[in-house]
>>> print(open('final00.txt').read())   # compact mmCIF, C-alpha atoms and all ligand atoms
# COMPACT_ATOMS: atom_id res chain seq x y z
CA MET A 1 -49.94 10.52 4.31
CA ILE A 2 -49.73 7.78 1.73
CA ASN A 3 -49.96 8.02 -2.04
CA ASN A 4 -53.54 7.14 -3.09
CA ASP A 5 -52.50 4.54 -5.64
CA LEU A 6 -50.14 2.95 -3.13
CA GLN A 7 -53.02 2.78 -0.66
CA ARG A 8 -55.18 1.15 -3.33
CA LEU A 9 -52.39 -1.30 -4.12
CA VAL A 10 -52.18 -2.32 -0.48
CA GLU A 11 -55.94 -2.89 -0.47
CA ILE A 12 -55.69 -4.94 -3.67
CA ALA A 13 -52.85 -6.98 -2.17
CA HIS A 14 -55.12 -7.98 0.71
CA LYS A 15 -58.19 -8.77 -1.41
CA LYS A 16 -59.44 -12.34 -1.23
CA GLU A 17 -60.27 -12.35 -4.90
CA LYS A 18 -58.67 -10.26 -7.67
CA LEU A 19 -59.36 -9.54 -11.30
CA VAL A 20 -56.07 -9.50 -13.18
CA ILE A 21 -55.49 -8.96 -16.89
CA GLY A 22 -52.49 -10.92 -18.20
CA LEU A 23 -50.88 -9.78 -21.45
CA MET A 24 -48.52 -11.64 -23.73
CA SER A 25 -46.95 -10.64 -27.03
CA GLY A 26 -44.23 -13.08 -27.94
CA THR A 27 -41.46 -13.29 -30.49
CA SER A 28 -43.89 -14.42 -33.20
CA LEU A 29 -45.09 -10.79 -33.41
CA ASP A 30 -48.54 -12.14 -34.20
CA GLY A 31 -50.37 -9.86 -31.82
CA LEU A 32 -51.44 -9.39 -28.22
CA ASP A 33 -53.01 -12.09 -26.05
CA ILE A 34 -55.30 -10.70 -23.33
CA ALA A 35 -56.53 -12.99 -20.53
CA LEU A 36 -58.88 -11.70 -17.88
CA CYS A 37 -58.33 -13.89 -14.83
CA GLN A 38 -59.99 -14.25 -11.49
CA ILE A 39 -57.31 -15.08 -8.94
CA ILE A 40 -57.90 -16.24 -5.37
CA GLY A 41 -55.01 -16.66 -2.93
CA HIS A 42 -51.33 -16.86 -3.83
CA GLY A 43 -48.46 -19.31 -4.23
CA MET A 44 -49.41 -22.99 -4.30
CA ASN A 45 -52.81 -22.07 -2.83
CA THR A 46 -53.78 -20.00 -5.86
CA GLN A 47 -57.04 -20.69 -7.60
CA LEU A 48 -57.31 -19.23 -11.07
CA GLN A 49 -60.10 -19.00 -13.57
CA VAL A 50 -59.87 -17.46 -17.03
CA LEU A 51 -63.02 -15.37 -17.39
CA GLN A 52 -62.32 -13.92 -20.83
CA PHE A 53 -59.65 -14.32 -23.47
CA ALA A 54 -58.88 -12.46 -26.69
CA SER A 55 -56.02 -12.63 -29.15
CA ILE A 56 -55.77 -9.39 -31.11
CA PRO A 57 -53.65 -9.63 -34.26
CA TYR A 58 -51.31 -6.76 -35.07
CA GLU A 59 -52.06 -4.87 -38.28
CA PRO A 60 -49.45 -5.76 -40.94
CA GLU A 61 -48.04 -2.19 -40.90
CA PHE A 62 -47.54 -2.26 -37.15
CA ARG A 63 -45.98 -5.71 -37.33
CA ASN A 64 -43.52 -4.35 -39.90
CA GLU A 65 -42.70 -1.42 -37.62
CA ILE A 66 -41.82 -3.78 -34.78
CA GLN A 67 -39.98 -6.11 -37.15
CA SER A 68 -37.74 -3.20 -38.16
CA ILE A 69 -36.24 -3.01 -34.64
CA PHE A 70 -36.61 -6.68 -33.72
CA SER A 71 -33.75 -9.06 -32.92
CA VAL A 72 -31.21 -7.33 -35.13
CA ARG A 73 -28.15 -5.54 -33.81
CA MET A 74 -28.43 -2.30 -35.77
CA VAL A 75 -31.71 -0.44 -35.52
CA ASP A 76 -33.22 3.03 -35.91
CA LEU A 77 -32.89 4.24 -32.32
CA GLU A 78 -35.56 6.90 -32.72
CA LYS A 79 -38.02 4.22 -33.93
CA LEU A 80 -37.19 2.13 -30.88
CA CYS A 81 -37.79 5.08 -28.59
CA LEU A 82 -41.13 5.89 -30.24
CA LEU A 83 -42.28 2.28 -30.18
CA HIS A 84 -41.53 1.95 -26.45
CA ALA A 85 -44.43 4.34 -25.87
CA GLU A 86 -46.55 3.38 -28.86
CA ILE A 87 -46.62 -0.37 -28.19
CA ALA A 88 -47.84 0.43 -24.67
CA ASN A 89 -50.49 2.84 -25.97
CA LEU A 90 -51.68 0.28 -28.50
CA HIS A 91 -51.84 -2.50 -25.90
CA ALA A 92 -53.75 -0.17 -23.56
CA ARG A 93 -56.26 0.67 -26.30
CA TYR A 94 -56.73 -3.06 -27.01
CA ILE A 95 -57.43 -3.60 -23.30
CA ASN A 96 -59.91 -0.72 -23.17
CA SER A 97 -61.83 -2.04 -26.15
CA CYS A 98 -61.89 -5.60 -24.74
CA LEU A 99 -63.20 -4.32 -21.40
CA GLN A 100 -65.92 -2.43 -23.23
CA LYS A 101 -66.86 -5.57 -25.16
CA TRP A 102 -66.81 -7.68 -22.01
CA LYS A 103 -68.87 -5.03 -20.19
CA ILE A 104 -66.36 -4.68 -17.39
CA ALA A 105 -65.42 -1.29 -15.94
CA ALA A 106 -61.72 -0.50 -15.57
CA SER A 107 -62.38 0.17 -11.88
CA GLU A 108 -63.36 -3.50 -11.43
CA VAL A 109 -59.95 -4.68 -12.66
CA ASP A 110 -57.29 -4.81 -9.96
CA LEU A 111 -54.12 -5.23 -11.99
CA ILE A 112 -52.67 -5.51 -15.46
CA ALA A 113 -49.69 -7.82 -15.92
CA SER A 114 -47.79 -6.70 -19.00
CA HIS A 115 -45.01 -8.72 -20.58
CA GLY A 116 -44.20 -6.11 -23.23
CA GLN A 117 -42.64 -6.85 -26.57
CA THR A 118 -39.27 -8.56 -26.54
CA ILE A 119 -37.07 -6.79 -29.05
CA TYR A 120 -33.71 -8.30 -28.16
CA HIS A 121 -32.61 -11.28 -26.12
CA ALA A 122 -28.91 -11.42 -25.31
CA PRO A 123 -27.86 -14.18 -22.92
CA LYS A 124 -24.13 -14.31 -22.42
CA HIS A 125 -23.72 -17.50 -24.42
CA LEU A 126 -25.15 -15.70 -27.47
CA HIS A 127 -23.39 -12.32 -27.34
CA GLY A 128 -20.13 -13.71 -25.94
CA LEU A 129 -18.81 -10.27 -24.99
CA PRO A 130 -16.34 -10.28 -22.11
CA GLY A 131 -17.41 -8.07 -19.22
CA TYR A 132 -21.13 -8.31 -20.03
CA GLY A 133 -23.69 -10.62 -18.47
CA ASN A 134 -27.10 -11.82 -19.54
CA ALA A 135 -29.50 -9.20 -20.90
CA SER A 136 -32.93 -8.99 -22.52
CA LEU A 137 -35.07 -6.02 -23.54
CA GLN A 138 -38.85 -5.80 -23.55
CA ILE A 139 -40.48 -2.53 -24.60
CA GLY A 140 -44.00 -1.14 -24.14
CA ASP A 141 -43.75 1.05 -21.07
CA GLY A 142 -45.91 0.18 -18.03
CA ASP A 143 -46.63 3.80 -17.01
CA HIS A 144 -48.31 4.42 -20.36
CA ILE A 145 -50.51 1.34 -19.93
CA ALA A 146 -51.46 2.41 -16.39
CA VAL A 147 -52.35 5.95 -17.46
CA VAL A 148 -54.32 5.00 -20.58
CA THR A 149 -56.31 2.22 -18.84
CA GLY A 150 -56.50 3.73 -15.34
CA ILE A 151 -55.41 0.33 -13.96
CA ILE A 152 -52.32 -0.35 -11.83
CA THR A 153 -49.87 -2.13 -14.11
CA ILE A 154 -47.08 -4.56 -13.28
CA SER A 155 -44.58 -4.89 -16.11
CA ASP A 156 -41.03 -5.70 -17.20
CA PHE A 157 -40.89 -8.97 -15.27
CA ARG A 158 -37.72 -10.28 -16.85
CA GLN A 159 -35.28 -7.71 -15.46
CA LYS A 160 -35.48 -9.07 -11.90
CA HIS A 161 -34.81 -12.59 -13.17
CA LEU A 162 -31.73 -11.22 -14.97
CA ALA A 163 -30.66 -9.16 -11.96
CA MET A 164 -30.70 -12.35 -9.89
CA GLY A 165 -28.21 -13.91 -12.30
CA ALA A 166 -30.53 -15.94 -14.54
CA GLU A 167 -31.16 -15.41 -18.28
CA GLY A 168 -34.52 -13.60 -18.04
CA ALA A 169 -36.35 -16.60 -19.47
CA PRO A 170 -38.23 -18.83 -19.44
CA LEU A 171 -40.48 -17.51 -16.68
CA ALA A 172 -43.14 -20.12 -17.31
CA VAL A 173 -42.01 -22.34 -14.43
CA TYR A 174 -43.37 -19.96 -11.78
CA GLY A 175 -46.90 -20.19 -13.13
CA ASP A 176 -46.62 -23.78 -14.33
CA GLN A 177 -45.94 -24.92 -10.78
CA ILE A 178 -48.97 -23.07 -9.48
CA LEU A 179 -51.30 -24.30 -12.20
CA PHE A 180 -50.00 -27.78 -12.90
CA GLY A 181 -47.65 -28.78 -10.07
CA LYS A 182 -50.08 -30.17 -7.57
CA THR A 183 -50.34 -33.80 -8.59
CA GLY A 184 -48.08 -36.81 -8.30
CA GLU A 185 -47.93 -36.98 -12.09
CA ARG A 186 -44.64 -36.47 -13.99
CA ARG A 187 -45.47 -33.59 -16.28
CA VAL A 188 -43.81 -31.58 -19.01
CA LEU A 189 -45.38 -28.23 -19.89
CA LEU A 190 -44.29 -27.64 -23.46
CA ASN A 191 -44.94 -24.17 -24.88
CA ILE A 192 -44.40 -23.74 -28.60
CA GLY A 193 -44.39 -20.01 -29.28
CA GLY A 194 -41.78 -18.32 -31.47
CA ILE A 195 -39.28 -20.15 -29.28
CA ALA A 196 -40.07 -23.49 -27.65
CA ASN A 197 -39.55 -24.00 -23.93
CA PHE A 198 -40.51 -26.57 -21.36
CA THR A 199 -41.01 -26.97 -17.65
CA PHE A 200 -40.52 -30.40 -16.10
CA LEU A 201 -42.60 -30.88 -12.97
CA PRO A 202 -41.57 -34.25 -11.53
CA GLY A 203 -44.43 -34.41 -9.03
CA ASN A 204 -42.08 -36.30 -6.68
CA ASP A 205 -39.14 -35.42 -4.42
CA GLU A 206 -36.55 -37.56 -6.17
CA GLU A 207 -36.31 -35.59 -9.40
CA ALA A 208 -35.58 -31.87 -9.83
CA ILE A 209 -37.74 -29.26 -11.49
CA LEU A 210 -36.27 -27.97 -14.76
CA CYS A 211 -37.25 -25.07 -16.99
CA THR A 212 -35.39 -24.18 -20.16
CA ASP A 213 -35.69 -23.07 -23.76
CA LEU A 214 -35.35 -25.82 -26.33
CA GLY A 215 -34.71 -23.91 -29.56
CA PRO A 216 -37.03 -22.69 -32.27
CA GLY A 217 -40.77 -23.11 -31.90
CA ASN A 218 -42.50 -21.47 -34.83
CA THR A 219 -39.87 -18.84 -35.52
CA MET A 220 -37.87 -20.52 -38.30
CA MET A 221 -40.98 -21.85 -40.04
CA ASP A 222 -42.58 -18.40 -39.85
CA ALA A 223 -39.44 -16.70 -41.22
CA CYS A 224 -39.31 -19.09 -44.17
CA MET A 225 -43.01 -18.58 -44.93
CA ARG A 226 -42.63 -14.81 -44.82
CA MET A 227 -39.75 -14.98 -47.27
CA HIS A 228 -41.40 -17.27 -49.81
CA TYR A 229 -44.97 -16.06 -49.45
CA PRO A 230 -44.99 -12.33 -48.64
CA GLY A 231 -48.05 -11.44 -46.60
CA GLN A 232 -48.41 -14.97 -45.16
CA TYR A 233 -47.11 -15.02 -41.63
CA TYR A 234 -47.22 -18.72 -40.93
CA ASP A 235 -47.84 -22.12 -42.51
CA ASN A 236 -51.56 -22.30 -41.89
CA ASN A 237 -52.38 -25.85 -40.71
CA ALA A 238 -48.99 -26.91 -42.14
CA ALA A 239 -50.46 -26.96 -45.66
CA VAL A 240 -47.12 -26.03 -47.25
CA ALA A 241 -44.93 -28.37 -45.17
CA LYS A 242 -47.30 -31.28 -45.74
CA ALA A 243 -46.80 -30.92 -49.49
CA GLY A 244 -43.01 -31.19 -49.20
CA ASN A 245 -40.33 -33.75 -48.34
CA VAL A 246 -37.69 -33.52 -45.65
CA ASN A 247 -34.21 -32.82 -47.02
CA GLU A 248 -31.91 -34.92 -44.84
CA ASP A 249 -28.69 -32.97 -45.60
CA LEU A 250 -30.28 -29.67 -44.68
CA LEU A 251 -31.91 -31.23 -41.62
CA LEU A 252 -28.58 -32.52 -40.29
CA ASP A 253 -26.90 -29.17 -40.74
CA LEU A 254 -29.74 -27.25 -39.07
CA GLN A 255 -29.45 -29.64 -36.11
CA SER A 256 -25.70 -29.18 -35.70
CA ASN A 257 -25.64 -25.84 -33.84
CA LYS A 258 -23.79 -25.87 -30.53
CA PHE A 259 -26.84 -24.39 -28.78
CA PHE A 260 -28.41 -27.85 -28.90
CA SER A 261 -25.60 -29.46 -26.95
CA ALA A 262 -25.10 -26.64 -24.40
CA PRO A 263 -26.00 -27.53 -20.80
CA TYR A 264 -29.37 -26.67 -19.15
CA PRO A 265 -30.91 -24.29 -18.35
CA LYS A 266 -30.42 -22.10 -21.42
CA THR A 267 -32.35 -19.57 -23.46
CA THR A 268 -32.35 -18.40 -27.02
CA GLY A 269 -34.22 -16.25 -29.51
CA PRO A 270 -34.70 -15.24 -33.11
CA GLU A 271 -31.33 -13.47 -32.83
CA LEU A 272 -29.86 -16.94 -33.53
CA PHE A 273 -32.75 -18.87 -35.10
CA SER A 274 -33.58 -16.63 -38.02
CA LEU A 275 -33.55 -16.50 -41.80
CA PRO A 276 -29.73 -16.14 -41.95
CA TYR A 277 -29.48 -19.36 -39.89
CA LEU A 278 -31.52 -21.17 -42.55
CA GLN A 279 -29.74 -19.51 -45.46
CA SER A 280 -26.31 -20.37 -44.15
CA ALA A 281 -27.35 -24.02 -43.65
CA GLN A 282 -28.74 -24.13 -47.19
CA LYS A 283 -25.54 -22.67 -48.58
CA LYS A 284 -23.36 -25.14 -46.66
CA THR A 285 -25.38 -28.10 -47.88
CA GLY A 286 -25.98 -26.84 -51.43
CA THR A 287 -29.74 -26.94 -50.91
CA GLU A 288 -30.51 -23.35 -51.91
CA ASP A 289 -32.72 -24.56 -54.74
CA ILE A 290 -35.05 -26.89 -52.88
CA SER A 291 -38.73 -25.99 -53.10
CA PRO A 292 -40.39 -23.85 -50.43
CA ALA A 293 -42.49 -26.91 -49.53
CA ASP A 294 -39.38 -29.08 -48.99
CA CYS A 295 -37.82 -26.29 -46.98
CA MET A 296 -40.92 -26.02 -44.77
CA ALA A 297 -41.14 -29.80 -44.34
CA THR A 298 -37.48 -29.82 -43.26
CA LEU A 299 -37.92 -26.90 -40.84
CA ASN A 300 -41.00 -28.55 -39.36
CA LYS A 301 -39.04 -31.78 -38.75
CA PHE A 302 -36.04 -29.82 -37.44
CA THR A 303 -38.25 -27.98 -34.95
CA ALA A 304 -39.87 -31.20 -33.75
CA ASN A 305 -36.57 -33.11 -33.53
CA MET A 306 -34.89 -30.45 -31.42
CA ILE A 307 -37.86 -30.28 -29.05
CA VAL A 308 -37.74 -34.06 -28.65
CA LYS A 309 -33.95 -34.15 -28.21
CA GLY A 310 -34.18 -31.33 -25.66
CA ILE A 311 -36.85 -33.00 -23.58
CA ARG A 312 -35.03 -36.35 -23.65
CA GLU A 313 -31.79 -34.70 -22.55
CA GLY A 314 -33.42 -32.89 -19.66
CA ILE A 315 -35.37 -35.85 -18.30
CA ASN A 316 -33.73 -39.19 -17.54
CA ASP A 317 -36.76 -41.33 -18.05
CA THR A 318 -39.45 -40.16 -20.46
CA SER A 319 -41.73 -43.14 -19.95
CA ASN A 320 -44.71 -42.37 -17.80
CA LEU A 321 -44.58 -38.71 -18.79
CA THR A 322 -47.49 -36.44 -19.71
CA ILE A 323 -46.63 -33.63 -22.11
CA ILE A 324 -49.07 -30.73 -21.87
CA CYS A 325 -48.80 -28.55 -24.96
CA SER A 326 -49.56 -24.86 -25.40
CA GLY A 327 -48.65 -21.93 -27.66
CA GLY A 328 -49.48 -21.37 -31.33
CA GLY A 329 -47.48 -24.45 -32.36
CA VAL A 330 -50.28 -26.73 -31.17
CA HIS A 331 -52.26 -25.52 -34.21
CA ASN A 332 -49.61 -26.93 -36.57
CA PRO A 333 -50.82 -30.51 -37.15
CA LEU A 334 -47.62 -31.72 -38.81
CA LEU A 335 -45.47 -30.40 -35.99
CA MET A 336 -47.64 -32.17 -33.43
CA GLU A 337 -47.60 -35.36 -35.50
CA ASN A 338 -43.79 -35.21 -35.79
CA LEU A 339 -43.51 -34.74 -32.02
CA GLU A 340 -45.92 -37.50 -31.11
CA ASN A 341 -44.30 -39.95 -33.56
CA GLU A 342 -40.90 -39.41 -31.95
CA MET A 343 -42.18 -39.71 -28.38
CA LYS A 344 -44.64 -42.55 -28.54
CA GLU A 345 -43.99 -43.47 -24.92
CA CYS A 346 -45.45 -40.13 -23.69
CA ARG A 347 -49.03 -39.04 -23.28
CA PHE A 348 -49.67 -35.79 -25.19
CA GLN A 349 -52.36 -33.42 -24.00
CA HIS A 350 -53.51 -29.95 -24.99
CA ALA A 351 -53.56 -27.44 -22.14
CA THR A 352 -57.30 -27.25 -22.88
CA GLU A 353 -57.72 -30.66 -21.28
CA LEU A 354 -56.54 -29.11 -18.02
CA GLY A 355 -58.84 -26.14 -18.36
CA ILE A 356 -56.47 -23.60 -19.94
CA ASP A 357 -56.77 -22.44 -23.54
CA PRO A 358 -53.33 -23.21 -25.10
CA ASP A 359 -53.24 -19.75 -26.67
CA ALA A 360 -54.01 -18.07 -23.33
CA LYS A 361 -51.52 -19.94 -21.18
CA GLU A 362 -48.60 -17.52 -21.38
CA ALA A 363 -50.82 -14.49 -20.70
CA VAL A 364 -52.27 -16.33 -17.72
CA LEU A 365 -48.77 -17.04 -16.39
CA PHE A 366 -48.02 -13.32 -16.32
CA ALA A 367 -51.26 -12.65 -14.43
CA LEU A 368 -49.98 -15.14 -11.83
CA LEU A 369 -46.59 -13.40 -11.72
CA ALA A 370 -48.29 -10.05 -11.08
CA ASN A 371 -50.27 -11.66 -8.27
CA GLU A 372 -47.04 -12.94 -6.72
CA CYS A 373 -45.46 -9.50 -7.14
CA ILE A 374 -47.97 -7.90 -4.81
CA SER A 375 -49.54 -10.70 -2.76
CA GLY A 376 -46.82 -13.32 -2.51
CA ASN A 377 -43.11 -13.76 -2.63
CA ALA A 378 -42.81 -16.75 -4.92
CA GLU A 379 -42.00 -18.52 -1.63
CA PHE A 380 -43.18 -21.77 -3.19
CA ILE A 381 -40.06 -21.80 -5.37
CA LYS A 382 -37.29 -23.96 -3.93
CA GLU A 383 -34.03 -22.05 -3.38
CA GLY A 384 -30.99 -22.95 -5.41
CA ILE A 385 -32.40 -24.38 -8.64
CA PRO A 386 -30.33 -23.01 -11.56
CA GLY A 387 -32.29 -20.53 -13.69
CA ILE A 388 -35.18 -20.34 -11.20
CA PRO A 389 -34.39 -17.63 -8.64
CA ALA A 390 -36.86 -17.72 -5.72
CA THR A 391 -38.12 -14.19 -6.19
CA ALA A 392 -41.16 -12.13 -7.07
CA MET A 393 -40.80 -10.10 -10.27
CA GLY A 394 -42.28 -7.04 -11.96
CA LYS A 395 -42.29 -3.24 -11.70
CA ILE A 396 -45.27 -1.27 -10.47
CA SER A 397 -46.81 1.60 -12.46
CA PHE A 398 -49.54 3.82 -11.01
CA PRO A 399 -52.20 5.51 -13.17
CA HIS A 400 -52.27 8.83 -11.27
N1 LIG B 1 -53.44 -22.64 -37.67
C1 LIG B 1 -52.12 -22.61 -37.52
N2 LIG B 1 -51.33 -23.38 -38.29
C2 LIG B 1 -49.98 -23.37 -38.14
N3 LIG B 1 -49.33 -22.58 -37.27
C3 LIG B 1 -50.07 -21.78 -36.47
C4 LIG B 1 -51.48 -21.75 -36.54
N4 LIG B 1 -51.93 -20.84 -35.61
C5 LIG B 1 -50.84 -20.35 -34.99
N5 LIG B 1 -49.72 -20.89 -35.50
C6 LIG B 1 -48.33 -20.58 -35.14
O1 LIG B 1 -48.28 -20.02 -33.86
C7 LIG B 1 -47.54 -18.78 -33.88
C8 LIG B 1 -47.99 -17.89 -32.74
O2 LIG B 1 -47.74 -18.59 -31.54
P1 LIG B 1 -47.68 -17.83 -30.15
O3 LIG B 1 -47.84 -18.88 -29.10
O4 LIG B 1 -48.61 -16.68 -30.16
O5 LIG B 1 -46.19 -17.35 -30.15
P2 LIG B 1 -45.53 -16.10 -29.38
O6 LIG B 1 -45.67 -16.41 -27.93
O7 LIG B 1 -44.13 -16.09 -29.88
O8 LIG B 1 -46.34 -14.90 -29.81
C9 LIG B 1 -47.78 -18.25 -35.26
O9 LIG B 1 -46.77 -17.34 -35.66
C10 LIG B 1 -47.76 -19.54 -36.09
O10 LIG B 1 -46.46 -19.93 -36.40
MG MG B 2 -48.30 -14.58 -29.88
>>> encode(input="final00.txt", output="structure tokens")
Amino acid sequence: MINNDLQRLVEIAHKKEKLVIGLMSGTSLDGLDIALCQIIGHGMNTQLQVLQFASIPYEPEFRNEIQSIFSVRMVDLEKLCLLHAEIANLHARYINSCLQKWKIAASEVDLIASHGQTIYHAPKHLHGLPGYGNASLQIGDGDHIAVVTGIITISDFRQKHLAMGAEGAPLAVYGDQILFGKTGERRVLLNIGGIANFTFLPGNDEEAILCTDLGPGNTMMDACMRMHYPGQYYDNNAAVAKAGNVNEDLLLDLQSNKFFSAPYPKTTGPELFSLPYLQSAQKKTGTEDISPADCMATLNKFTANMIVKGIREGINDTSNLTIICSGGGVHNPLLMENLENEMKECRFQHATELGIDPDAKEAVLFALLANECISGNAEFIKEGIPGIPATAMGKISFPH
């Protein structure tokens, strides 16, 4: 006797070709990214095609609900408990309506790969509490998604990474290697979500792979926009920042945090890079009264500078480097201009040029992780690289 869903999972694991839905909802709290992927094979022999992609924005009320328990130390515990189920139910309903629109039956989909909603990220270097290690919490329970969609769901990927001694992030490197690691080209995969991270794929045996967070992506700019322009969640096309001037005093102070000089690999979150971070820098430099536009121009430059500094510190020689950009930050023209101006020696590309929608990339990476969870072992990951345990990740939820 074997559990029916377990039997089905074994059959799925052996399928030549799978349909996997990858989900991503990052620290920007902008909504849920849903990528329907066709996956053939596993490990470095994986072939992946994105068949459908949708980004479903959260309603403002729901965003506020999540915000109320997000990245702050004191929260309404009942709200957290309720949202653990409700985020999952909402994500499942989004999936069901996408499938209906795409005219695909749930029974045709083999797996859902659910990242969940990060509500707190606590690497040891941030919490500093003796006796405690690295921790991170994503909510949106996988069992609920499995039951509401009828599809086997793999979720909560980060806990295994933490259990193996790493910081639970960034996980991008596992998928980046599969998707982008096959050539002899020296590549950086730069993802600018709420937080910015990068994977360095040397494409040669002399240099080591590296994957780390860099600091804020959109998170500080978004926080500043939300404060000055209630109801506006981000600086659309950098219209506000473009109208302002960089304040050099504020810029220097923002750049002085010890996170930026800590060794690699490292991770961070909006627990550190938040409105209080900005406000304290403004207070220290007496720049509380600068205009919102100047503030946004400064934050935009700060974000770009720290990305550039981080990449330069991680990679000895940045000449002959292709930087492949993804995440919502690619839609911020001033941020991209600031980056490209500071790294003129590099070739910048959008992930689109390599066949992946920059907004879909993270969701696609989780689809790949789910595939490894049941059909691989992440055996293509070299043992012993700091922050990149050679392991499959994810927890399995059955619908029945
Ligand atoms: N047109 C745009 N102009 C400026 N910024 C944008 C634009 N579109 C998206 N963004 C930025 O991208 C963010 C969402 O990026 P995303 O990659 O989804 O992050 P996360 O993974 O944290 O959810 C938004 O909060 C916003 O800051
Ligand atoms: Mg997002």
>>> residues_around(input="final00.txt", residues="Lys182 in chain A", least_positions_apart="4", cutoff="10 Å", atoms="all atoms listed in the file", output="PyMOL selection string")
chain A and resi 44-45+176-178+201+203
>>> residues_near_ligand(input="final00.txt", ligand="ligand LIG 1 (chain B)", cutoff="7 Å", atoms="only C-alpha atoms and all ligand atoms", output="mmCIF file with C-alpha atoms, in the frame of the given file")
data_model
loop_
_atom_site.group_PDB
_atom_site.id
_atom_site.type_symbol
_atom_site.label_atom_id
_atom_site.label_comp_id
_atom_site.auth_asym_id
_atom_site.auth_seq_id
_atom_site.Cartn_x
_atom_site.Cartn_y
_atom_site.Cartn_z
ATOM 1 C CA MET A 24 -48.520 -11.640 -23.730
ATOM 2 C CA SER A 25 -46.950 -10.640 -27.030
ATOM 3 C CA GLY A 26 -44.230 -13.080 -27.940
ATOM 4 C CA THR A 27 -41.460 -13.290 -30.490
ATOM 5 C CA SER A 28 -43.890 -14.420 -33.200
ATOM 6 C CA LEU A 29 -45.090 -10.790 -33.410
ATOM 7 C CA ASP A 30 -48.540 -12.140 -34.200
ATOM 8 C CA GLY A 31 -50.370 -9.860 -31.820
ATOM 9 C CA ILE A 192 -44.400 -23.740 -28.600
ATOM 10 C CA GLY A 193 -44.390 -20.010 -29.280
ATOM 11 C CA GLY A 194 -41.780 -18.320 -31.470
ATOM 12 C CA ILE A 195 -39.280 -20.150 -29.280
ATOM 13 C CA ASN A 218 -42.500 -21.470 -34.830
ATOM 14 C CA THR A 219 -39.870 -18.840 -35.520
ATOM 15 C CA MET A 221 -40.980 -21.850 -40.040
ATOM 16 C CA ASP A 222 -42.580 -18.400 -39.850
ATOM 17 C CA TYR A 233 -47.110 -15.020 -41.630
ATOM 18 C CA TYR A 234 -47.220 -18.720 -40.930
ATOM 19 C CA ASP A 235 -47.840 -22.120 -42.510
ATOM 20 C CA ASN A 236 -51.560 -22.300 -41.890
ATOM 21 C CA ASN A 237 -52.380 -25.850 -40.710
ATOM 22 C CA ALA A 238 -48.990 -26.910 -42.140
ATOM 23 C CA GLY A 327 -48.650 -21.930 -27.660
ATOM 24 C CA GLY A 328 -49.480 -21.370 -31.330
ATOM 25 C CA GLY A 329 -47.480 -24.450 -32.360
ATOM 26 C CA HIS A 331 -52.260 -25.520 -34.210
ATOM 27 C CA ASN A 332 -49.610 -26.930 -36.570
ATOM 28 C CA ASP A 359 -53.240 -19.750 -26.670
#
>>> residues_near_point(input="final00.txt", point="(-58.7, -18.5, -4.7)", cutoff="12 Å", atoms="all atoms listed in the file", output="list in words")
Lys15, Lys16, Glu17, Lys18, Leu19, Cys37, Gln38, Ile39, Ile40, Gly41, His42, Gly43, Met44, Asn45, Thr46, Gln47, Leu48, Gln49, Ile178, Leu368 and Asn371 of chain A
>>> closest_residue(input="final00.txt", among="A:Ile388, A:Arg158, A:Ile374, A:Ala169", to="Glu11 in chain A", atoms="all atoms listed in the file")
A:Ile374
>>> closest_residue(input="final00.txt", among="A:Glu383, A:Leu36, A:Pro276, A:Ala351", to="Ala208 in chain A", atoms="only C-alpha atoms")
A:Glu383
>>> axis_aligned_box(input="final00.txt", around="range 14-30 of chain A", padding_each_side="8 Å", output="lines of an AutoDock Vina configuration file")
center_x = -50.9
center_y = -11.2
center_z = -16.7
size_x = 34.8
size_y = 22.4
size_z = 50.9
>>> atom_distance(input="final00.txt", atom1="CA of Ala85 in chain A", atom2="CA of Gln159 in chain A")
18.4 Å
>>> atom_distance(input="final00.txt", atom1="CA of Phe198 in chain A", atom2="CA of Thr212 in chain A")
5.8 Å
>>> closest_residue(input="final00.txt", among="A:Gly150, A:Gly217, A:Pro123, A:Gly184", to="ligand MG 2 (chain B)", atoms="only C-alpha atoms and all ligand atoms")
A:Gly217
>>> closest_residue(input="final00.txt", among="A:Ile381, A:Cys98, A:Ala92, A:Leu23", to="ligand MG 2 (chain B)", atoms="all atoms listed in the file")
A:Leu23
>>> closest_residue(input="final00.txt", among="A:Leu339, A:Ala241, A:Glu65, A:Ser326", to="ligand MG 2 (chain B)", atoms="only C-alpha atoms and all ligand atoms")
A:Ser326
>>> decode(input="final00.txt", residues="range 16-20 of chain A", atoms="N, CA and C atoms", output="PDB file, in the first residue's frame")
ATOM      1  N   LYS A  16       9.179  12.626 -18.230  1.00  0.00           N
ATOM      2  CA  LYS A  16      10.198  13.245 -19.074  1.00  0.00           C
ATOM      3  C   LYS A  16       9.998  14.763 -19.094  1.00  0.00           C
ATOM      4  N   GLU A  17       8.745  15.142 -19.052  1.00  0.00           N
ATOM      5  CA  GLU A  17       8.407  16.550 -19.229  1.00  0.00           C
ATOM      6  C   GLU A  17       7.377  16.929 -18.173  1.00  0.00           C
ATOM      7  N   LYS A  18       7.606  18.013 -17.442  1.00  0.00           N
ATOM      8  CA  LYS A  18       6.664  18.404 -16.380  1.00  0.00           C
ATOM      9  C   LYS A  18       6.139  19.809 -16.612  1.00  0.00           C
ATOM     10  N   LEU A  19       4.943  20.039 -16.088  1.00  0.00           N
ATOM     11  CA  LEU A  19       4.412  21.400 -16.043  1.00  0.00           C
ATOM     12  C   LEU A  19       4.500  21.852 -14.595  1.00  0.00           C
ATOM     13  N   VAL A  20       5.244  22.902 -14.352  1.00  0.00           N
ATOM     14  CA  VAL A  20       5.454  23.374 -12.973  1.00  0.00           C
ATOM     15  C   VAL A  20       5.106  24.856 -12.888  1.00  0.00           C
TER      16      VAL A  20
END
